[in-house]
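Working notes, structure below.
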Amino acid sequence: MKSLLNETHTRIATLVIAGALTSGGCTMTQASAATKTAHTNTTPAGPALAAVRYQIRDIDRAAKFYTEVLDFKLEQKTGTAFAMVSRGPLQLVLSGPGSSGARPMPDGRPQEPGGWNRIILYVSDLDAQIGKLKTAGAHFRNAVEVGPGGKQIQIEDPDGNPIELHEGGAGTAK
């Protein structure tokens, strides 16, 4: 088991190093390249091994929602094209209409907010979070659902991207 764990860490480190070598140690959006402002793939909890990208119509509105309502930390903001926020080890990339991450697919399909895949934020007091979200005017997709893994509710960010708040089970917030 220890050998397998070491092999996994070695593969992850190799991928991280390869990514740093091929991108000059950081990544840049088209907007940040124009201003020579780079962002690194780190969070307050350490290096990010993965991130989630959400398509956003209004970067200022989204950054305010994630930082003021859901307690994310603003890591970087580049005009109206791009922002990156984090909460613990979760890195969330917010791509506005002017960002390279929002360009249409080769077949012409636009990248749009919404859908059903979502991030899950573990909380210790779901009822308190719901109260905070109601006060902030958040849009709820459903009522609280209760099951063997705990209870959860889905909300939407201002652009319609889904977020699940979950209390209980293996992911309980500490």
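Lettering and numbering for the structure tokens are positional, with chains as A, B, ... in the shown order, residues counted from 1 in each chain, and ligands counted from 1 in the shown order.
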
Tell me, counting only C-alpha atoms, for each residue of range 124-167 of chain A within 8 Å of range 52-61 of chain A, which pair of atoms is nearest and how far apart they are in Å to one decimal, in rows ordered by chain and increasing number, as a tab-separated table.
```
residue	atom	partner	partner_atom	distance
A:Pro158	CA	A:Arg61	CA	7.2
A:Asp159	CA	A:Ile56	CA	5.9
A:Asn161	CA	A:Tyr54	CA	6.9
```

Margin query: Report as a ChimeraX atom specification all protein, DNA and RNA residues lying within 10 Å of range 130-137 of chain A, evaluated on only C-alpha atoms, omitting residues in the same chain fewer than 3 positions from it.
Written below: /A:65,68-70,125-127,140,144,153,155,158,165

Note to self: Report, in Å to a single decimal, how far apart CA of Val85 in chain A and CA of Ile163 in chain A are.
What the structure shows: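 Separating CA of Ile163 in chain A from CA of Val85 in chain A is a distance of 14.4 Å.
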
Check: Between A:Asp107, A:Glu167, A:Glu112, A:Glu145, which is the closest to Ser124 in chain A once you count only C-alpha atoms?
Finding: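 Looking at the shortest contact to Ser124 in chain A, the residue is A:Glu167.
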
Notebook entry, point to check: In terms of the shortest atom-to-atom distance over only C-alpha atoms, which of A:Gly168, A:Gly160, A:Gln76, A:Ala50 is closest to Arg118 in chain A?
Noted result: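 Checking each of A:Gly168, A:Gly160, A:Gln76, A:Ala50 against Arg118 in chain A, counting only C-alpha atoms, the winner is A:Gly160.
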
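What separates CA of Ala62 in chain A from CA of Leu94 in chain A is a distance of 7.8 Å.
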
Next item on the list: Would you mind reading off the distance between CA of Trp116 in chain A and CA of Asp157 in chain A, one decimal, in Å?
Entry: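 Computed distance, CA of Trp116 in chain A to CA of Asp157 in chain A, equals 12.8 Å.
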
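Nearest residue to Arg87 in chain A, choosing from A:Asn142, A:Asn117, A:Thr67, A:Gln111 and counting only C-alpha atoms: A:Thr67.
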
Next item on the list: Find the residue from A:Gln152, A:Val123, A:Lys73, A:Ala51 that sits nearest to Val93 in chain A; use only C-alpha atoms when measuring.
Entry: A:Ala51

Next item on the list: Could you tell me which of A:Thr80, A:Arg109, A:Leu74, A:Lys151 comes closest to Leu92 in chain A if we count only C-alpha atoms?
Entry: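 Ranking A:Thr80, A:Arg109, A:Leu74, A:Lys151 by distance to Leu92 in chain A, first place goes to A:Leu74.
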
Next item on the list: Rank nothing, just name the residue among A:Ala81, A:Ala138, A:Val146, A:Met105 nearest to Pro162 in chain A, using only C-alpha atoms.
Entry: A:Ala138
